[in-house]
file protein38.pdb (PDB, C-alpha atoms, pLDDT in the B column)
ATOM      1  CA  MET D   1      46.042  -0.545  -3.198  1.00 47.00           C
ATOM      2  CA  GLY D   2      47.623   1.340  -0.287  1.00 51.00           C
ATOM      3  CA  SER D   3      49.891   0.085   2.454  1.00 50.00           C
ATOM      4  CA  ILE D   4      48.693  -1.173   5.839  1.00 46.00           C
ATOM      5  CA  LYS D   5      50.006   2.061   7.359  1.00 47.00           C
ATOM      6  CA  GLU D   6      47.894   4.173   4.980  1.00 48.00           C
ATOM      7  CA  ILE D   7      44.814   2.120   5.791  1.00 40.00           C
ATOM      8  CA  LEU D   8      45.361   2.327   9.543  1.00 46.00           C
ATOM      9  CA  THR D   9      46.005   6.070   9.446  1.00 49.00           C
ATOM     10  CA  GLY D  10      42.777   6.636   7.570  1.00 51.00           C
ATOM     11  CA  ASN D  11      44.212   7.680   4.209  1.00 50.00           C
ATOM     12  CA  ILE D  12      42.502   4.735   2.542  1.00 46.00           C
ATOM     13  CA  THR D  13      39.260   3.119   3.631  1.00 48.00           C
ATOM     14  CA  PRO D  14      39.320  -0.610   2.888  1.00 51.00           C
ATOM     15  CA  LYS D  15      36.208  -1.918   1.152  1.00 56.00           C
ATOM     16  CA  GLN D  16      34.318  -4.201   3.481  1.00 63.00           C
ATOM     17  CA  PRO D  17      32.860  -7.406   2.011  1.00 70.00           C
ATOM     18  CA  ARG D  18      29.095  -7.674   2.274  1.00 80.00           C
ATOM     19  CA  SER D  19      27.895 -10.059   4.944  1.00 89.00           C
ATOM     20  CA  LEU D  20      25.703 -13.075   4.250  1.00 91.00           C
ATOM     21  CA  ALA D  21      22.844 -11.213   5.915  1.00 92.00           C
ATOM     22  CA  GLU D  22      23.276  -8.220   3.563  1.00 92.00           C
ATOM     23  CA  GLN D  23      23.527 -10.490   0.539  1.00 92.00           C
ATOM     24  CA  SER D  24      20.396 -12.345   1.658  1.00 93.00           C
ATOM     25  CA  ALA D  25      18.582  -9.043   2.212  1.00 92.00           C
ATOM     26  CA  ASP D  26      19.519  -7.948  -1.335  1.00 90.00           C
ATOM     27  CA  LYS D  27      18.034 -11.122  -2.823  1.00 91.00           C
ATOM     28  CA  LEU D  28      14.885 -10.988  -0.703  1.00 92.00           C
ATOM     29  CA  ARG D  29      14.392  -7.288  -1.461  1.00 90.00           C
ATOM     30  CA  GLU D  30      14.454  -7.972  -5.188  1.00 87.00           C
ATOM     31  CA  LEU D  31      12.047 -10.918  -4.860  1.00 89.00           C
ATOM     32  CA  ILE D  32       9.628  -8.736  -2.891  1.00 88.00           C
ATOM     33  CA  LEU D  33       9.855  -5.748  -5.237  1.00 84.00           C
ATOM     34  CA  LEU D  34       9.249  -7.975  -8.262  1.00 81.00           C
ATOM     35  CA  GLU D  35       6.356  -9.582  -6.330  1.00 81.00           C
ATOM     36  CA  LYS D  36       7.847 -13.047  -6.698  1.00 87.00           C
ATOM     37  CA  LEU D  37       7.156 -12.987  -2.978  1.00 90.00           C
ATOM     38  CA  PRO D  38       3.700 -11.345  -3.096  1.00 88.00           C
ATOM     39  CA  PRO D  39       2.202  -8.967  -0.500  1.00 87.00           C
ATOM     40  CA  SER D  40       0.986 -10.624   2.726  1.00 90.00           C
ATOM     41  CA  LEU D  41       2.878 -13.872   1.997  1.00 93.00           C
ATOM     42  CA  PRO D  42       4.098 -15.475   5.263  1.00 94.00           C
ATOM     43  CA  VAL D  43       7.900 -15.455   5.470  1.00 92.00           C
ATOM     44  CA  ASN D  44       9.287 -18.788   6.645  1.00 91.00           C
ATOM     45  CA  GLU D  45      12.922 -18.727   7.781  1.00 92.00           C
ATOM     46  CA  ARG D  46      13.515 -22.377   6.964  1.00 92.00           C
ATOM     47  CA  ASP D  47      12.105 -22.101   3.447  1.00 92.00           C
ATOM     48  CA  LEU D  48      14.126 -18.944   2.756  1.00 92.00           C
ATOM     49  CA  SER D  49      17.246 -20.582   4.173  1.00 93.00           C
ATOM     50  CA  ASP D  50      16.851 -23.483   1.750  1.00 92.00           C
ATOM     51  CA  MET D  51      16.072 -21.176  -1.184  1.00 91.00           C
ATOM     52  CA  LEU D  52      19.083 -18.928  -0.550  1.00 90.00           C
ATOM     53  CA  SER D  53      21.416 -21.765   0.466  1.00 92.00           C
ATOM     54  CA  VAL D  54      22.450 -20.080   3.704  1.00 93.00           C
ATOM     55  CA  SER D  55      21.865 -20.835   7.372  1.00 93.00           C
ATOM     56  CA  ARG D  56      18.867 -19.428   9.212  1.00 93.00           C
ATOM     57  CA  THR D  57      20.930 -16.858  11.132  1.00 94.00           C
ATOM     58  CA  PRO D  58      21.707 -14.573   8.152  1.00 94.00           C
ATOM     59  CA  VAL D  59      18.121 -15.062   6.942  1.00 94.00           C
ATOM     60  CA  ARG D  60      16.833 -13.929  10.332  1.00 94.00           C
ATOM     61  CA  ASP D  61      19.116 -10.877  10.201  1.00 95.00           C
ATOM     62  CA  ALA D  62      18.014 -10.137   6.617  1.00 94.00           C
ATOM     63  CA  ILE D  63      14.372 -10.204   7.697  1.00 94.00           C
ATOM     64  CA  LYS D  64      15.181  -7.640  10.412  1.00 93.00           C
ATOM     65  CA  MET D  65      16.839  -5.384   7.822  1.00 91.00           C
ATOM     66  CA  LEU D  66      13.818  -5.568   5.531  1.00 92.00           C
ATOM     67  CA  GLU D  67      11.516  -4.907   8.479  1.00 90.00           C
ATOM     68  CA  VAL D  68      13.316  -1.577   8.982  1.00 85.00           C
ATOM     69  CA  GLU D  69      12.807  -0.863   5.279  1.00 83.00           C
ATOM     70  CA  GLY D  70       9.087  -1.555   5.570  1.00 83.00           C
ATOM     71  CA  LEU D  71       9.199  -4.579   3.255  1.00 89.00           C
ATOM     72  CA  ILE D  72       8.497  -7.057   6.057  1.00 93.00           C
ATOM     73  CA  ASP D  73       5.962  -6.681   8.855  1.00 91.00           C
ATOM     74  CA  TYR D  74       4.295  -9.017  11.345  1.00 91.00           C
ATOM     75  CA  SER D  75       0.892 -10.605  11.585  1.00 88.00           C
ATOM     76  CA  GLU D  76      -1.239 -10.475  14.728  1.00 86.00           C
ATOM     77  CA  THR D  77       0.402 -13.742  15.767  1.00 89.00           C
ATOM     78  CA  ARG D  78       3.848 -12.120  15.357  1.00 89.00           C
ATOM     79  CA  ARG D  79       4.788 -14.115  12.269  1.00 92.00           C
ATOM     80  CA  PRO D  80       6.794 -12.263   9.613  1.00 93.00           C
ATOM     81  CA  ARG D  81       5.145 -11.645   6.258  1.00 94.00           C
ATOM     82  CA  VAL D  82       5.670  -9.532   3.148  1.00 93.00           C
ATOM     83  CA  ALA D  83       4.310  -6.098   4.008  1.00 90.00           C
ATOM     84  CA  ASP D  84       1.253  -4.670   2.276  1.00 87.00           C
ATOM     85  CA  PRO D  85       0.687  -1.220   3.862  1.00 87.00           C
ATOM     86  CA  GLU D  86      -2.690   0.476   3.653  1.00 88.00           C
ATOM     87  CA  MET D  87      -2.976   3.077   0.897  1.00 89.00           C
ATOM     88  CA  ASP D  88      -3.701   5.795   3.457  1.00 91.00           C
ATOM     89  CA  THR D  89      -0.403   5.023   5.208  1.00 89.00           C
ATOM     90  CA  LEU D  90       1.553   5.090   1.948  1.00 89.00           C
ATOM     91  CA  SER D  91      -0.082   8.377   0.959  1.00 91.00           C
ATOM     92  CA  GLN D  92       0.977   9.977   4.240  1.00 92.00           C
ATOM     93  CA  TRP D  93       4.550   8.754   3.869  1.00 90.00           C
ATOM     94  CA  LEU D  94       4.705  10.002   0.272  1.00 91.00           C
ATOM     95  CA  LEU D  95       3.434  13.431   1.271  1.00 92.00           C
ATOM     96  CA  VAL D  96       6.237  13.693   3.825  1.00 94.00           C
ATOM     97  CA  GLN D  97       8.750  12.370   1.308  1.00 94.00           C
ATOM     98  CA  GLY D  98       7.542  14.932  -1.219  1.00 94.00           C
ATOM     99  CA  ALA D  99       8.138  17.736   1.279  1.00 96.00           C
ATOM    100  CA  LEU D 100      11.629  16.391   1.991  1.00 97.00           C
ATOM    101  CA  GLU D 101      12.536  16.161  -1.680  1.00 96.00           C
ATOM    102  CA  GLY D 102      11.067  19.593  -2.332  1.00 97.00           C
ATOM    103  CA  LEU D 103      13.437  20.986   0.291  1.00 98.00           C
ATOM    104  CA  ALA D 104      16.277  18.971  -1.252  1.00 98.00           C
ATOM    105  CA  GLY D 105      15.628  20.473  -4.670  1.00 98.00           C
ATOM    106  CA  GLU D 106      15.582  23.985  -3.255  1.00 98.00           C
ATOM    107  CA  GLN D 107      18.816  23.524  -1.334  1.00 98.00           C
ATOM    108  CA  ALA D 108      20.550  21.659  -4.164  1.00 98.00           C
ATOM    109  CA  CYS D 109      20.000  24.714  -6.364  1.00 98.00           C
ATOM    110  CA  ILE D 110      21.980  26.712  -3.809  1.00 98.00           C
ATOM    111  CA  HIS D 111      24.661  24.264  -2.728  1.00 98.00           C
ATOM    112  CA  ALA D 112      25.171  21.619  -5.454  1.00 98.00           C
ATOM    113  CA  THR D 113      28.578  21.548  -7.122  1.00 97.00           C
ATOM    114  CA  HIS D 114      28.917  21.387 -10.906  1.00 97.00           C
ATOM    115  CA  LYS D 115      30.130  17.796 -10.535  1.00 97.00           C
ATOM    116  CA  GLU D 116      27.018  16.851  -8.549  1.00 98.00           C
ATOM    117  CA  LEU D 117      24.729  18.419 -11.142  1.00 97.00           C
ATOM    118  CA  ASP D 118      26.599  16.628 -13.932  1.00 97.00           C
ATOM    119  CA  ASN D 119      26.075  13.349 -12.072  1.00 97.00           C
ATOM    120  CA  ILE D 120      22.317  13.974 -11.761  1.00 97.00           C
ATOM    121  CA  ILE D 121      22.123  14.727 -15.496  1.00 97.00           C
ATOM    122  CA  ALA D 122      24.084  11.560 -16.293  1.00 97.00           C
ATOM    123  CA  ILE D 123      21.739   9.390 -14.228  1.00 96.00           C
ATOM    124  CA  HIS D 124      18.735  10.937 -15.965  1.00 95.00           C
ATOM    125  CA  GLY D 125      20.375  10.224 -19.311  1.00 95.00           C
ATOM    126  CA  GLN D 126      20.789   6.554 -18.417  1.00 94.00           C
ATOM    127  CA  MET D 127      17.122   6.353 -17.471  1.00 91.00           C
ATOM    128  CA  VAL D 128      16.089   7.850 -20.802  1.00 90.00           C
ATOM    129  CA  GLU D 129      18.246   5.325 -22.662  1.00 89.00           C
ATOM    130  CA  LEU D 130      16.672   2.427 -20.736  1.00 85.00           C
ATOM    131  CA  ALA D 131      13.107   3.753 -20.908  1.00 79.00           C
ATOM    132  CA  GLU D 132      11.844   0.819 -22.967  1.00 78.00           C
ATOM    133  CA  SER D 133      13.986  -1.782 -21.224  1.00 79.00           C
ATOM    134  CA  ASP D 134      12.475  -4.780 -19.453  1.00 78.00           C
ATOM    135  CA  ASP D 135      15.177  -4.610 -16.768  1.00 84.00           C
ATOM    136  CA  ARG D 136      12.796  -3.274 -14.135  1.00 80.00           C
ATOM    137  CA  MET D 137      15.260  -3.472 -11.252  1.00 84.00           C
ATOM    138  CA  ARG D 138      17.943  -1.537 -13.148  1.00 89.00           C
ATOM    139  CA  LEU D 139      15.477   1.214 -14.013  1.00 86.00           C
ATOM    140  CA  PHE D 140      14.230   1.398 -10.443  1.00 87.00           C
ATOM    141  CA  LYS D 141      17.741   1.584  -8.985  1.00 89.00           C
ATOM    142  CA  LEU D 142      18.573   4.427 -11.358  1.00 92.00           C
ATOM    143  CA  ASP D 143      15.360   6.205 -10.335  1.00 91.00           C
ATOM    144  CA  MET D 144      16.279   5.949  -6.650  1.00 91.00           C
ATOM    145  CA  GLU D 145      19.860   6.977  -7.439  1.00 95.00           C
ATOM    146  CA  PHE D 146      18.537  10.073  -9.232  1.00 96.00           C
ATOM    147  CA  HIS D 147      16.494  11.199  -6.231  1.00 95.00           C
ATOM    148  CA  SER D 148      19.193  10.319  -3.698  1.00 95.00           C
ATOM    149  CA  ALA D 149      21.778  12.289  -5.699  1.00 97.00           C
ATOM    150  CA  ILE D 150      19.576  15.382  -5.450  1.00 98.00           C
ATOM    151  CA  VAL D 151      19.177  14.920  -1.696  1.00 97.00           C
ATOM    152  CA  MET D 152      22.944  14.517  -1.274  1.00 97.00           C
ATOM    153  CA  ALA D 153      23.534  17.645  -3.373  1.00 98.00           C
ATOM    154  CA  ALA D 154      21.499  19.667  -0.857  1.00 98.00           C
ATOM    155  CA  HIS D 155      24.349  19.259   1.644  1.00 97.00           C
ATOM    156  CA  LEU D 156      21.999  18.973   4.643  1.00 97.00           C
ATOM    157  CA  PRO D 157      22.964  15.925   6.759  1.00 96.00           C
ATOM    158  CA  PRO D 158      19.688  15.883   8.774  1.00 96.00           C
ATOM    159  CA  LEU D 159      17.736  15.902   5.504  1.00 97.00           C
ATOM    160  CA  VAL D 160      19.804  13.006   4.135  1.00 95.00           C
ATOM    161  CA  GLU D 161      19.159  10.986   7.289  1.00 93.00           C
ATOM    162  CA  THR D 162      15.407  11.643   7.367  1.00 93.00           C
ATOM    163  CA  HIS D 163      15.014  11.046   3.629  1.00 93.00           C
ATOM    164  CA  LYS D 164      16.789   7.693   3.944  1.00 89.00           C
ATOM    165  CA  LEU D 165      14.377   6.638   6.704  1.00 85.00           C
ATOM    166  CA  TYR D 166      11.257   7.428   4.653  1.00 87.00           C
ATOM    167  CA  ASN D 167      12.741   6.111   1.430  1.00 85.00           C
ATOM    168  CA  SER D 168      13.337   2.720   3.048  1.00 80.00           C
ATOM    169  CA  ARG D 169       9.669   2.567   4.059  1.00 81.00           C
ATOM    170  CA  LEU D 170       8.632   3.390   0.516  1.00 85.00           C
ATOM    171  CA  TRP D 171      10.839   0.985  -1.465  1.00 81.00           C
ATOM    172  CA  SER D 172       7.956  -1.215  -2.554  1.00 80.00           C
ATOM    173  CA  ALA D 173       5.536   1.651  -3.212  1.00 81.00           C
ATOM    174  CA  ARG D 174       8.021   3.660  -5.264  1.00 82.00           C
ATOM    175  CA  PHE D 175       8.957   0.561  -7.228  1.00 82.00           C
ATOM    176  CA  ILE D 176       5.298   0.054  -8.138  1.00 78.00           C
ATOM    177  CA  SER D 177       4.987   3.711  -9.141  1.00 76.00           C
ATOM    178  CA  SER D 178       8.097   3.628 -11.316  1.00 75.00           C
ATOM    179  CA  GLN D 179       7.088   0.486 -13.219  1.00 70.00           C
ATOM    180  CA  ARG D 180       3.810   1.509 -14.829  1.00 69.00           C
ATOM    181  CA  ARG D 181       4.580   1.577 -18.551  1.00 63.00           C
ATOM    182  CA  ALA D 182       1.545   3.793 -19.131  1.00 61.00           C
ATOM    183  CA  ASN D 183       3.245   6.475 -17.067  1.00 66.00           C
ATOM    184  CA  ARG D 184       6.901   6.130 -18.075  1.00 69.00           C
ATOM    185  CA  GLN D 185       6.858   8.938 -20.640  1.00 73.00           C
ATOM    186  CA  GLN D 186       5.232  11.256 -18.124  1.00 77.00           C
ATOM    187  CA  GLN D 187       7.861  10.312 -15.544  1.00 81.00           C
ATOM    188  CA  GLN D 188      10.643  11.113 -17.994  1.00 83.00           C
ATOM    189  CA  MET D 189       9.122  14.533 -18.624  1.00 88.00           C
ATOM    190  CA  LYS D 190       8.873  15.201 -14.883  1.00 90.00           C
ATOM    191  CA  HIS D 191      12.493  14.153 -14.372  1.00 93.00           C
ATOM    192  CA  GLN D 192      13.531  16.427 -17.240  1.00 94.00           C
ATOM    193  CA  GLY D 193      11.665  19.287 -15.582  1.00 96.00           C
ATOM    194  CA  ILE D 194      13.545  18.613 -12.336  1.00 97.00           C
ATOM    195  CA  VAL D 195      16.882  18.553 -14.171  1.00 97.00           C
ATOM    196  CA  ASP D 196      16.082  21.797 -16.016  1.00 97.00           C
ATOM    197  CA  ALA D 197      15.185  23.548 -12.754  1.00 98.00           C
ATOM    198  CA  LEU D 198      18.377  22.336 -11.066  1.00 98.00           C
ATOM    199  CA  MET D 199      20.549  23.427 -13.992  1.00 97.00           C
ATOM    200  CA  ALA D 200      18.928  26.872 -13.906  1.00 98.00           C
ATOM    201  CA  ARG D 201      19.373  26.856 -10.123  1.00 98.00           C
ATOM    202  CA  ASN D 202      15.733  27.871  -9.875  1.00 98.00           C
ATOM    203  CA  GLU D 203      14.944  27.023  -6.254  1.00 98.00           C
ATOM    204  CA  THR D 204      11.178  27.482  -6.506  1.00 98.00           C
ATOM    205  CA  ALA D 205      10.809  25.462  -9.711  1.00 98.00           C
ATOM    206  CA  ALA D 206      12.982  22.614  -8.437  1.00 98.00           C
ATOM    207  CA  SER D 207      11.066  22.402  -5.162  1.00 97.00           C
ATOM    208  CA  LYS D 208       7.673  22.435  -6.890  1.00 97.00           C
ATOM    209  CA  ALA D 209       8.743  19.852  -9.490  1.00 96.00           C
ATOM    210  CA  LEU D 210      10.001  17.362  -6.898  1.00 96.00           C
ATOM    211  CA  THR D 211       7.024  17.824  -4.575  1.00 95.00           C
ATOM    212  CA  ALA D 212       4.583  17.323  -7.472  1.00 92.00           C
ATOM    213  CA  HIS D 213       6.517  14.267  -8.650  1.00 90.00           C
ATOM    214  CA  LEU D 214       6.077  12.522  -5.300  1.00 89.00           C
ATOM    215  CA  ARG D 215       2.405  13.506  -5.118  1.00 88.00           C
ATOM    216  CA  ASN D 216       1.942  11.987  -8.562  1.00 86.00           C
ATOM    217  CA  ALA D 217       3.377   8.735  -7.209  1.00 85.00           C
ATOM    218  CA  ILE D 218       0.310   8.452  -4.958  1.00 87.00           C
ATOM    219  CA  SER D 219      -1.968   8.332  -8.007  1.00 85.00           C
ATOM    220  CA  ASN D 220       0.345   5.842  -9.729  1.00 83.00           C
ATOM    221  CA  ILE D 221       0.320   3.485  -6.770  1.00 85.00           C
ATOM    222  CA  LYS D 222      -3.459   3.635  -6.457  1.00 85.00           C
ATOM    223  CA  ALA D 223      -3.788   2.797 -10.160  1.00 83.00           C
ATOM    224  CA  ALA D 224      -1.211   0.001  -9.945  1.00 79.00           C
ATOM    225  CA  ARG D 225      -2.965  -1.549  -6.941  1.00 79.00           C
ATOM    226  CA  ALA D 226      -6.300  -1.400  -8.727  1.00 80.00           C
ATOM    227  CA  GLU D 227      -4.737  -3.160 -11.720  1.00 77.00           C
ATOM    228  CA  ARG D 228      -3.240  -5.802  -9.428  1.00 72.00           C
ATOM    229  CA  ASP D 229      -6.558  -6.398  -7.672  1.00 72.00           C
ATOM    230  CA  ALA D 230      -8.348  -6.677 -11.027  1.00 75.00           C
ATOM    231  CA  LEU D 231      -5.937  -9.399 -12.122  1.00 70.00           C
ATOM    232  CA  LYS D 232      -6.602 -11.328  -8.916  1.00 66.00           C
ATOM    233  CA  THR D 233     -10.336 -11.435  -9.604  1.00 65.00           C
ATOM    234  CA  GLU D 234      -9.986 -12.640 -13.207  1.00 62.00           C
TER     235      GLU D 234
END
call {"tool": "encode", "arguments": {"input": "protein38.pdb", "output": "structure tokens"}}
result
Amino acid sequence: MGSIKEILTGNITPKQPRSLAEQSADKLRELILLEKLPPSLPVNERDLSDMLSVSRTPVRDAIKMLEVEGLIDYSETRRPRVADPEMDTLSQWLLVQGALEGLAGEQACIHATHKELDNIIAIHGQMVELAESDDRMRLFKLDMEFHSAIVMAAHLPPLVETHKLYNSRLWSARFISSQRRANRQQQQMKHQGIVDALMARNETAASKALTAHLRNAISNIKAARAERDALKTE
């Protein structure tokens, strides 16, 4: 740990503790992604406050954070609820996200350092090792880390900013897409294709692979929603 002088002069950035609101948002995000708080469920501040053992203020702030991420929206009476976007809306967002990641793949082939490429390969390797795991959140976080690492390796700050905005809107949808066991092997193959293109620094192949991967997510989400609806009617 550095001295106070080093910290104040900017040589060391002290790690900031996460606020109660951020911690609450983390817990609520996981509950929503795992559908323990199902789509369209009304979100009651008092109930969440009791469940999380915090006051209503951090819960209120957490709800605002998840609203930005697209996990919470509001009913016609302005009451918060777990978001359940229309499939047409999700498809449009995913098409834009696919274009963004296609650009990221192209630019990463040009600008990525060897260390950045090694990191992308390592993340992919972890996903392969956990392919049959039941730890759905761990797998999903690695999946998002894989894609974010490629975007960062493009070294285009405006792209990073825009990708983050759309990715936050698509947390729930991409989680659903990544969790279908019937499609996990196919996803691994697509990720391997992305890695191979990046390692070869083949701009066209990397762009096409990432764009196709996000387009495939649209089909996965449609299938997952149909499966969910079928279960509801049983």
call {"tool": "axis_aligned_box", "arguments": {"input": "protein38.pdb", "around": "range 63-78 of chain D", "padding_each_side": "5 Å", "output": "AutoDock Vina command-line options"}}
result
--center_x 7.8 --center_y -7.3 --center_z 9.5 --size_x 28.1 --size_y 22.9 --size_z 22.5
call {"tool": "atom_distance", "arguments": {"input": "protein38.pdb", "atom1": "CA of Ala108 in chain D", "atom2": "CA of Arg169 in chain D"}}
result
23.5 Å
call {"tool": "resolve_selection", "arguments": {"input": "protein38.pdb", "expression": "the PyMOL selection byres ((chain D and resi 38) around 12)", "output": "ChimeraX atom specification"}}
result
/D:28-37,39-43,71-72,81-84,172,228,232
call {"tool": "residues_around", "arguments": {"input": "protein38.pdb", "residues": "Gln192 in chain D", "least_positions_apart": "6", "cutoff": "10 Å", "atoms": "all atoms listed in the file", "output": "number ranges by chain"}}
result
D: 121, 124-125, 128, 186, 198, 209
call {"tool": "resolve_selection", "arguments": {"input": "protein38.pdb", "expression": "the PyMOL selection byres ((chain D and resi 224) around 12)", "output": "list in words"}}
result
Met87, Ser172, Ala173, Arg174, Phe175, Ile176, Ser177, Ser178, Gln179, Arg180, Arg181, Ala182, Asn183, Ala217, Ile218, Ser219, Asn220, Ile221, Lys222, Ala223, Arg225, Ala226, Glu227, Arg228, Asp229, Ala230 and Leu231 of chain D
call {"tool": "closest_residue", "arguments": {"input": "protein38.pdb", "among": "D:Glu86, D:Ala206, D:Val68, D:Leu52", "to": "Leu103 in chain D", "atoms": "all atoms listed in the file"}}
result
D:Ala206
call {"tool": "atom_distance", "arguments": {"input": "protein38.pdb", "atom1": "CA of Ala154 in chain D", "atom2": "CA of Asn202 in chain D"}}
result
13.5 Å
call {"tool": "closest_residue", "arguments": {"input": "protein38.pdb", "among": "D:Ala197, D:Val96, D:Leu139, D:Ala205", "to": "Leu170 in chain D", "atoms": "all atoms listed in the file"}}
result
D:Val96
call {"tool": "atom_distance", "arguments": {"input": "protein38.pdb", "atom1": "CA of Leu95 in chain D", "atom2": "CA of Ala212 in chain D"}}
result
9.6 Å
call {"tool": "resolve_selection", "arguments": {"input": "protein38.pdb", "expression": "the PyMOL selection byres ((chain D and resi 23) around 12)", "output": "NGL selection string"}}
result
:D and (17-22 or 24-30 or 52-54 or 58-59 or 61-63 or 65-66)
call {"tool": "residues_around", "arguments": {"input": "protein38.pdb", "residues": "range 44-46 of chain D", "least_positions_apart": "2", "cutoff": "8 Å", "atoms": "only C-alpha atoms", "output": "PyMOL selection string"}}
result
chain D and resi 42+48-50+56+59-60+80
